[in-house]
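Shown next: query19.tsv, given as TSV, C-alpha atoms.
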```tsv
chain	number	residue	atom	x	y	z
F	7	MET	CA	-17.96	21.81	38.03
F	8	LYS	CA	-19.69	19.11	35.99
F	9	VAL	CA	-19.30	19.76	32.28
F	10	ALA	CA	-21.31	18.54	29.29
F	11	VAL	CA	-20.44	18.49	25.60
F	12	ILE	CA	-23.51	18.80	23.37
F	13	THR	CA	-23.03	18.58	19.63
F	14	GLY	CA	-25.46	20.47	17.46
F	15	GLY	CA	-26.16	22.85	20.32
F	16	SER	CA	-26.86	26.02	18.37
F	17	ARG	CA	-30.58	25.35	17.93
F	18	GLY	CA	-33.44	22.98	18.61
F	19	PHE	CA	-33.10	20.20	21.15
F	20	GLY	CA	-29.35	20.70	21.68
F	21	PHE	CA	-29.84	24.39	22.46
F	22	GLU	CA	-32.68	23.73	24.91
F	23	LEU	CA	-30.72	20.99	26.68
F	24	ALA	CA	-27.71	23.30	26.99
F	25	ARG	CA	-29.94	25.99	28.46
F	26	SER	CA	-31.44	23.56	30.97
F	27	LEU	CA	-28.07	22.21	32.15
F	28	ALA	CA	-26.52	25.67	32.40
F	29	ALA	CA	-29.42	26.82	34.56
F	30	ASP	CA	-28.62	24.00	36.98
F	31	GLY	CA	-24.95	24.91	37.34
F	32	TRP	CA	-23.33	22.82	34.64
F	33	GLY	CA	-20.61	24.06	32.36
F	34	VAL	CA	-21.63	23.34	28.78
F	35	VAL	CA	-19.67	23.17	25.53
F	36	ILE	CA	-21.72	23.36	22.33
F	37	ASP	CA	-20.78	23.18	18.69
F	38	GLY	CA	-22.22	23.65	15.23
F	39	ARG	CA	-20.98	24.25	11.70
F	40	HIS	CA	-22.13	27.87	11.51
F	41	ALA	CA	-19.89	29.93	13.77
F	42	ASP	CA	-22.22	32.91	14.11
F	43	ASP	CA	-25.15	30.70	15.12
F	44	VAL	CA	-23.13	28.78	17.73
F	45	ARG	CA	-21.73	31.93	19.30
F	46	ALA	CA	-25.16	33.58	19.31
F	47	ALA	CA	-26.65	30.54	21.05
F	48	ALA	CA	-23.96	30.58	23.73
F	49	GLU	CA	-24.42	34.30	24.31
F	50	ALA	CA	-28.21	33.87	24.53
F	51	ILE	CA	-27.85	31.32	27.33
F	52	GLY	CA	-25.03	32.91	29.31
F	53	SER	CA	-21.45	32.58	30.45
F	54	ALA	CA	-21.77	28.93	31.49
F	55	VAL	CA	-22.04	27.92	27.83
F	56	HIS	CA	-18.96	27.91	25.61
F	57	ALA	CA	-19.13	27.88	21.82
F	58	VAL	CA	-16.71	25.81	19.74
F	59	PRO	CA	-17.71	26.19	16.09
F	60	GLY	CA	-16.75	23.35	13.81
F	61	ASP	CA	-17.74	20.16	12.03
F	62	VAL	CA	-18.15	16.99	14.09
F	63	ARG	CA	-16.60	15.01	11.24
F	64	ASP	CA	-13.27	16.73	11.91
F	65	PRO	CA	-11.08	14.86	14.46
F	66	GLN	CA	-9.32	18.07	15.47
F	67	HIS	CA	-12.64	19.71	16.20
F	68	ARG	CA	-13.73	16.76	18.34
F	69	ALA	CA	-10.45	16.97	20.25
F	70	GLU	CA	-11.02	20.69	20.80
F	71	LEU	CA	-14.47	20.02	22.25
F	72	VAL	CA	-12.98	17.65	24.81
F	73	ARG	CA	-10.06	19.98	25.60
F	74	MET	CA	-12.44	22.86	26.21
F	75	ALA	CA	-14.64	20.73	28.46
F	76	GLU	CA	-11.74	19.40	30.52
F	77	GLY	CA	-10.43	22.93	30.93
F	78	LEU	CA	-13.72	23.92	32.56
F	79	GLY	CA	-14.08	21.03	35.02
F	80	ASP	CA	-15.03	17.36	35.09
F	81	LEU	CA	-16.35	16.13	31.76
F	82	ALA	CA	-19.37	14.15	32.93
F	83	LEU	CA	-21.70	14.06	29.93
F	84	VAL	CA	-21.40	13.76	26.15
F	85	VAL	CA	-24.58	14.18	24.13
F	86	ASN	CA	-24.26	13.20	20.47
F	87	ASN	CA	-27.12	15.33	19.21
F	88	ALA	CA	-25.78	16.62	15.88
F	89	SER	CA	-27.10	14.78	12.84
F	90	VAL	CA	-28.07	15.30	9.23
F	91	LEU	CA	-31.20	14.16	7.47
F	92	GLY	CA	-29.83	13.68	3.97
F	93	PRO	CA	-31.70	14.80	0.85
F	94	SER	CA	-35.00	16.63	1.17
F	95	PRO	CA	-37.39	15.27	0.08
F	96	GLN	CA	-35.91	11.93	1.05
F	97	PRO	CA	-35.34	9.40	-1.75
F	98	THR	CA	-36.01	5.69	-1.65
F	99	LEU	CA	-33.03	3.42	-1.12
F	100	ALA	CA	-33.25	2.41	-4.76
F	101	GLU	CA	-32.46	6.01	-5.73
F	102	TYR	CA	-30.29	7.11	-2.81
F	103	PRO	CA	-27.01	8.75	-3.94
F	104	LEU	CA	-24.28	6.68	-2.31
F	105	ASP	CA	-21.93	9.62	-1.79
F	106	VAL	CA	-24.69	11.42	0.17
F	107	LEU	CA	-25.43	8.24	2.13
F	108	ALA	CA	-21.76	8.04	3.10
F	109	ASP	CA	-21.94	11.62	4.39
F	110	VAL	CA	-25.06	10.82	6.44
F	111	TYR	CA	-23.22	7.90	8.05
F	112	ASP	CA	-20.14	10.06	8.58
F	113	VAL	CA	-22.11	12.62	10.60
F	114	ASN	CA	-24.64	10.34	12.29
F	115	VAL	CA	-22.45	7.32	13.12
F	116	ILE	CA	-18.71	7.81	12.62
F	117	ALA	CA	-18.49	11.27	14.20
F	118	PRO	CA	-20.34	10.27	17.40
F	119	ILE	CA	-18.11	7.22	17.82
F	120	GLY	CA	-15.07	9.44	17.22
F	121	LEU	CA	-16.17	11.92	19.88
F	122	ILE	CA	-16.84	9.11	22.33
F	123	GLN	CA	-13.36	7.68	21.72
F	124	THR	CA	-11.80	11.08	22.41
F	125	ALA	CA	-13.88	11.68	25.55
F	126	LEU	CA	-13.68	8.17	27.03
F	127	PRO	CA	-10.61	8.67	29.26
F	128	ALA	CA	-12.36	11.57	31.04
F	129	LEU	CA	-15.73	9.82	31.09
F	130	ARG	CA	-14.21	6.70	32.64
F	131	ARG	CA	-12.38	8.76	35.24
F	132	ASN	CA	-15.49	10.75	36.13
F	133	ARG	CA	-17.92	7.83	35.78
F	134	GLY	CA	-19.73	9.93	33.24
F	135	THR	CA	-22.56	9.44	30.77
F	136	VAL	CA	-22.96	9.19	27.00
F	137	VAL	CA	-26.32	10.00	25.43
F	138	ASP	CA	-26.74	9.24	21.74
F	139	ILE	CA	-29.83	10.92	20.30
F	140	THR	CA	-31.71	8.47	18.10
F	141	SER	CA	-35.08	8.19	16.39
F	142	ASP	CA	-37.96	5.82	15.87
F	143	ALA	CA	-36.76	5.76	12.25
F	144	GLY	CA	-33.87	3.65	13.57
F	145	VAL	CA	-36.21	0.83	14.59
F	146	GLU	CA	-39.22	1.19	12.24
F	147	GLY	CA	-39.34	0.54	8.50
F	148	TYR	CA	-40.62	3.87	7.21
F	149	ALA	CA	-40.57	4.22	3.43
F	150	GLY	CA	-38.21	7.00	2.41
F	151	TRP	CA	-36.24	6.93	5.66
F	152	GLY	CA	-33.68	4.32	4.63
F	153	GLY	CA	-30.67	6.62	4.78
F	154	TYR	CA	-31.32	8.50	8.00
F	155	GLY	CA	-33.08	5.56	9.64
F	156	SER	CA	-30.35	3.05	8.94
F	157	SER	CA	-27.73	5.50	10.25
F	158	LYS	CA	-29.66	5.81	13.50
F	159	ALA	CA	-29.98	2.03	13.69
F	160	ALA	CA	-26.20	1.81	13.38
F	161	LEU	CA	-25.78	4.44	16.11
F	162	GLU	CA	-28.13	2.50	18.37
F	163	GLN	CA	-26.15	-0.71	17.95
F	164	ALA	CA	-22.89	1.16	18.56
F	165	SER	CA	-24.44	2.51	21.78
F	166	ASN	CA	-25.57	-0.98	22.74
F	167	VAL	CA	-22.09	-2.41	22.29
F	168	LEU	CA	-20.45	0.55	24.06
F	169	ALA	CA	-22.73	-0.06	27.04
F	170	ALA	CA	-21.46	-3.64	27.21
F	171	GLU	CA	-17.82	-2.63	26.86
F	172	GLU	CA	-17.60	0.33	29.27
F	173	PRO	CA	-18.66	-0.62	32.81
F	174	ASP	CA	-17.67	2.77	34.25
F	175	VAL	CA	-19.70	4.82	31.77
F	176	ARG	CA	-23.47	5.07	31.60
F	177	VAL	CA	-24.68	4.80	28.01
F	178	TYR	CA	-28.17	5.73	26.84
F	179	TRP	CA	-29.69	6.01	23.39
F	180	PHE	CA	-32.55	8.44	23.69
F	181	ASP	CA	-35.46	8.86	21.27
F	182	PRO	CA	-37.00	12.32	21.74
F	183	GLY	CA	-39.85	11.67	19.31
F	184	ASP	CA	-41.11	14.11	16.72
F	185	MET	CA	-40.23	17.73	17.46
F	186	ARG	CA	-40.79	21.08	15.79
F	187	THR	CA	-37.25	21.49	14.49
F	188	GLN	CA	-35.60	22.60	11.28
F	189	MET	CA	-34.51	19.06	10.44
F	190	HIS	CA	-38.01	17.71	10.99
F	191	GLN	CA	-39.35	20.41	8.68
F	192	GLU	CA	-36.81	19.37	6.05
F	193	ALA	CA	-38.13	15.82	6.33
F	194	PHE	CA	-41.61	17.07	5.46
F	195	PRO	CA	-41.02	19.92	3.00
F	196	GLY	CA	-44.03	22.13	2.51
F	197	GLU	CA	-46.02	20.52	5.33
F	198	ASP	CA	-47.26	22.22	8.49
F	199	ILE	CA	-45.46	20.66	11.47
F	200	SER	CA	-46.76	23.14	14.06
F	201	ASP	CA	-48.54	20.30	15.85
F	202	ARG	CA	-45.19	18.74	16.86
F	203	PRO	CA	-43.88	19.46	20.37
F	204	VAL	CA	-41.29	22.20	20.73
F	205	PRO	CA	-37.85	20.92	21.81
F	206	SER	CA	-38.00	22.62	25.23
F	207	SER	CA	-40.98	20.42	26.13
F	208	VAL	CA	-38.93	17.26	25.56
F	209	VAL	CA	-35.80	18.26	27.50
F	210	PRO	CA	-37.34	17.43	30.93
F	211	ALA	CA	-37.66	13.79	29.88
F	212	LEU	CA	-33.94	13.54	29.21
F	213	ARG	CA	-33.14	15.40	32.42
F	214	ARG	CA	-35.27	12.86	34.29
F	215	LEU	CA	-33.34	10.04	32.65
F	216	LEU	CA	-30.02	11.59	33.66
F	217	ASP	CA	-31.17	12.24	37.22
F	218	ALA	CA	-32.67	8.78	37.73
F	219	SER	CA	-29.64	6.89	36.30
F	220	PRO	CA	-31.59	3.78	35.27
F	221	PRO	CA	-29.92	0.78	33.63
F	222	ARG	CA	-28.21	1.47	30.33
F	223	GLY	CA	-30.34	1.13	27.26
F	224	ARG	CA	-32.82	2.71	24.86
F	225	TYR	CA	-35.35	5.15	26.28
F	226	ARG	CA	-38.15	7.11	24.62
F	227	ALA	CA	-39.12	10.55	25.86
F	228	ALA	CA	-42.78	9.51	25.67
F	229	ASP	CA	-42.17	6.81	28.29
F	230	LEU	CA	-40.36	9.02	30.82
F	231	PRO	CA	-41.89	11.31	33.44
F	232	THR	CA	-41.35	14.94	32.55
F	233	THR	CA	-41.53	16.63	35.93
F	234	VAL	CA	-38.07	17.68	37.12
F	235	PRO	CA	-37.09	20.62	39.29
F	236	SER	CA	-36.13	23.56	37.10
F	237	LYS	CA	-34.37	26.85	37.64
F	238	MET	CA	-34.55	27.74	33.98
F	239	PRO	CA	-34.84	31.39	32.98
F	240	ALA	CA	-37.45	32.59	30.54
F	241	ALA	CA	-37.47	30.65	27.30
F	242	VAL	CA	-35.20	31.78	24.49
F	243	PRO	CA	-36.61	31.25	20.99
F	244	SER	CA	-34.87	28.49	19.04
```

What do you get writing this file as structure tokens?
Amino acid sequence: MKVAVITGGSRGFGFELARSLAADGWGVVIDGRHADDVRAAAEAIGSAVHAVPGDVRDPQHRAELVRMAEGLGDLALVVNNASVLGPSPQPTLAEYPLDVLADVYDVNVIAPIGLIQTALPALRRNRGTVVDITSDAGVEGYAGWGGYGSSKAALEQASNVLAAEEPDVRVYWFDPGDMRTQMHQEAFPGEDISDRPVPSSVVPALRRLLDASPPRGRYRAADLPTTVPSKMPAAVPS
């Protein structure tokens, strides 16, 4: 069985990706900081999805994710989806609390690299794939997005270097675009974001990327075809 580890899989894009992969016969390991939410998400999808509650900043938790995945089959995919926005509303860099900025980098940059390091032996062996979820805030100079955006820029460069260093592992940094998620709502407190696409509508673009196996690099969901065969059951609210 091919197995994927998806961080931040209890809701939003991570949940919908887990649901899609499980429907196509993958084993999936998801995590999240709130144990009840992670377990509920796994139960909502089915027995192919395994919940490992915990914080991605914790090395022992990252090791447990990989141990669980390898116990299920061949670890073939790691998706670094978990991230934090930082303060809401977002401050300018001139006013950004440095202790909070350090936490944003810890979750959005250090933890993904740590999980990759732990998973690399299996990924090399299985010629697997790493997908780091990024954002246009990592390449554009949006006022107020200095903390989150610069962390995503750092993650993108780490992905770029990893792609050069690991010839047996496919590495993609994937920009899903704006989505109707809790984190996106936090970025725009009090605003109506109902015009943003739901996460389930973006998952097919990433599935197309994984199926097509193009050269390593940065890909935007908006630039990828979104028609892929699907055996997905009825949608589960996220």

Dump as a list in words all residues having an atom at most 12 Å from (-11.5, 18.0, 18.3), computed in the file's coordinates with all atoms listed in the file.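 Within the cut-off we find Val11, Thr13, Asp37, Val58, Pro59, Gly60, Asp61, Val62, Arg63, Asp64, Pro65, Gln66, His67, Arg68, Ala69, Glu70, Leu71, Val72, Arg73, Met74, Ala75, Ala117, Pro118, Gly120, Leu121, Ile122, Gln123, Thr124 and Ala125 of chain F.
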
Can you write out as CSV which residues of region 11-36 of chain F fall within 10 Å of region 133-143 of chain F, alongside each residue's closest atom pair and its distance in Å to one decimal, counting all atoms listed in the file and ordering rows by chain and ascending residue number?
```
residue,atom,partner,partner_atom,distance
F:Val11,CA,F:Val136,CA,9.7
F:Ile12,CA,F:Val137,CA,9.5
F:Phe19,CA,F:Ile139,CA,9.9
F:Gly20,CA,F:Ile139,CA,9.9
```

In Å to one decimal, how far is CA of Pro205 (chain F) from CA of Gly223 (chain F)?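 Computing it gives 21.9 Å between the two atoms.
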
Which neighbours of Tyr102 (chain F) fall inside 12 Å, counting only C-alpha atoms, when residues of the same chain fewer than 3 positions from it are skipped, and could you give them as a PyMOL selection string? chain F and resi 92-99+105-110+150-154

Give the answer as one residue: which of F:Ser219, F:Ser206, F:Ser165, F:Ser156 has the shortest atom-to-atom distance to Ala24 (chain F), using all atoms listed in the file?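 Closest candidate: F:Ser206.
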
I'd like to know which of F:Asn87, F:Asn132, F:Asn114, F:Ser53 is closest to Gly33 (chain F), using all atoms listed in the file. F:Ser53

Go ahead and compute the interatomic distance for CA of Asp112 (chain F) and CA of Val167 (chain F), in Å to one decimal.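 Atom-to-atom, CA of Asp112 (chain F) to CA of Val167 (chain F), that is 18.6 Å.
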
Since fewer atoms than expected are present, regenerate N, CA, C and O atoms for region 47-60 of chain F and write them as a PDB file, in the coordinates of the input.
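Below is the file result-v8.pdb, written as the result:
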```pdb
ATOM      1  N   ALA F  47     -25.955  31.428  20.115  1.00  0.00           N
ATOM      2  CA  ALA F  47     -26.650  30.540  21.050  1.00  0.00           C
ATOM      3  C   ALA F  47     -26.003  30.584  22.422  1.00  0.00           C
ATOM      4  O   ALA F  47     -26.692  30.661  23.450  1.00  0.00           O
ATOM      5  N   ALA F  48     -24.665  30.526  22.457  1.00  0.00           N
ATOM      6  CA  ALA F  48     -23.960  30.580  23.730  1.00  0.00           C
ATOM      7  C   ALA F  48     -24.218  31.902  24.442  1.00  0.00           C
ATOM      8  O   ALA F  48     -24.466  31.936  25.659  1.00  0.00           O
ATOM      9  N   GLU F  49     -24.183  32.984  23.711  1.00  0.00           N
ATOM     10  CA  GLU F  49     -24.420  34.300  24.310  1.00  0.00           C
ATOM     11  C   GLU F  49     -25.858  34.411  24.822  1.00  0.00           C
ATOM     12  O   GLU F  49     -26.112  35.030  25.864  1.00  0.00           O
ATOM     13  N   ALA F  50     -26.816  33.805  24.115  1.00  0.00           N
ATOM     14  CA  ALA F  50     -28.210  33.870  24.530  1.00  0.00           C
ATOM     15  C   ALA F  50     -28.440  33.147  25.850  1.00  0.00           C
ATOM     16  O   ALA F  50     -29.295  33.548  26.647  1.00  0.00           O
ATOM     17  N   ILE F  51     -27.670  32.085  26.093  1.00  0.00           N
ATOM     18  CA  ILE F  51     -27.850  31.320  27.330  1.00  0.00           C
ATOM     19  C   ILE F  51     -27.073  31.944  28.482  1.00  0.00           C
ATOM     20  O   ILE F  51     -27.593  32.086  29.600  1.00  0.00           O
ATOM     21  N   GLY F  52     -25.811  32.304  28.251  1.00  0.00           N
ATOM     22  CA  GLY F  52     -25.030  32.910  29.310  1.00  0.00           C
ATOM     23  C   GLY F  52     -23.627  32.361  29.394  1.00  0.00           C
ATOM     24  O   GLY F  52     -23.219  31.499  28.607  1.00  0.00           O
ATOM     25  N   SER F  53     -22.888  32.846  30.368  1.00  0.00           N
ATOM     26  CA  SER F  53     -21.450  32.580  30.450  1.00  0.00           C
ATOM     27  C   SER F  53     -21.105  31.134  30.753  1.00  0.00           C
ATOM     28  O   SER F  53     -19.952  30.726  30.581  1.00  0.00           O
ATOM     29  N   ALA F  54     -22.048  30.342  31.203  1.00  0.00           N
ATOM     30  CA  ALA F  54     -21.770  28.930  31.490  1.00  0.00           C
ATOM     31  C   ALA F  54     -21.638  28.100  30.232  1.00  0.00           C
ATOM     32  O   ALA F  54     -21.161  26.964  30.279  1.00  0.00           O
ATOM     33  N   VAL F  55     -22.065  28.661  29.090  1.00  0.00           N
ATOM     34  CA  VAL F  55     -22.040  27.920  27.830  1.00  0.00           C
ATOM     35  C   VAL F  55     -20.929  28.454  26.944  1.00  0.00           C
ATOM     36  O   VAL F  55     -20.801  29.668  26.749  1.00  0.00           O
ATOM     37  N   HIS F  56     -20.135  27.541  26.398  1.00  0.00           N
ATOM     38  CA  HIS F  56     -18.960  27.910  25.610  1.00  0.00           C
ATOM     39  C   HIS F  56     -19.114  27.359  24.202  1.00  0.00           C
ATOM     40  O   HIS F  56     -19.388  26.175  24.000  1.00  0.00           O
ATOM     41  N   ALA F  57     -18.948  28.229  23.218  1.00  0.00           N
ATOM     42  CA  ALA F  57     -19.130  27.880  21.820  1.00  0.00           C
ATOM     43  C   ALA F  57     -17.814  27.423  21.200  1.00  0.00           C
ATOM     44  O   ALA F  57     -16.790  28.099  21.337  1.00  0.00           O
ATOM     45  N   VAL F  58     -17.852  26.296  20.497  1.00  0.00           N
ATOM     46  CA  VAL F  58     -16.710  25.810  19.740  1.00  0.00           C
ATOM     47  C   VAL F  58     -17.213  25.484  18.335  1.00  0.00           C
ATOM     48  O   VAL F  58     -17.647  24.359  18.059  1.00  0.00           O
ATOM     49  N   PRO F  59     -17.215  26.454  17.439  1.00  0.00           N
ATOM     50  CA  PRO F  59     -17.710  26.190  16.090  1.00  0.00           C
ATOM     51  C   PRO F  59     -16.848  25.148  15.380  1.00  0.00           C
ATOM     52  O   PRO F  59     -15.630  25.080  15.574  1.00  0.00           O
ATOM     53  N   GLY F  60     -17.498  24.345  14.562  1.00  0.00           N
ATOM     54  CA  GLY F  60     -16.750  23.350  13.810  1.00  0.00           C
ATOM     55  C   GLY F  60     -17.644  22.217  13.351  1.00  0.00           C
ATOM     56  O   GLY F  60     -18.840  22.166  13.641  1.00  0.00           O
TER      57      GLY F  60
END
```
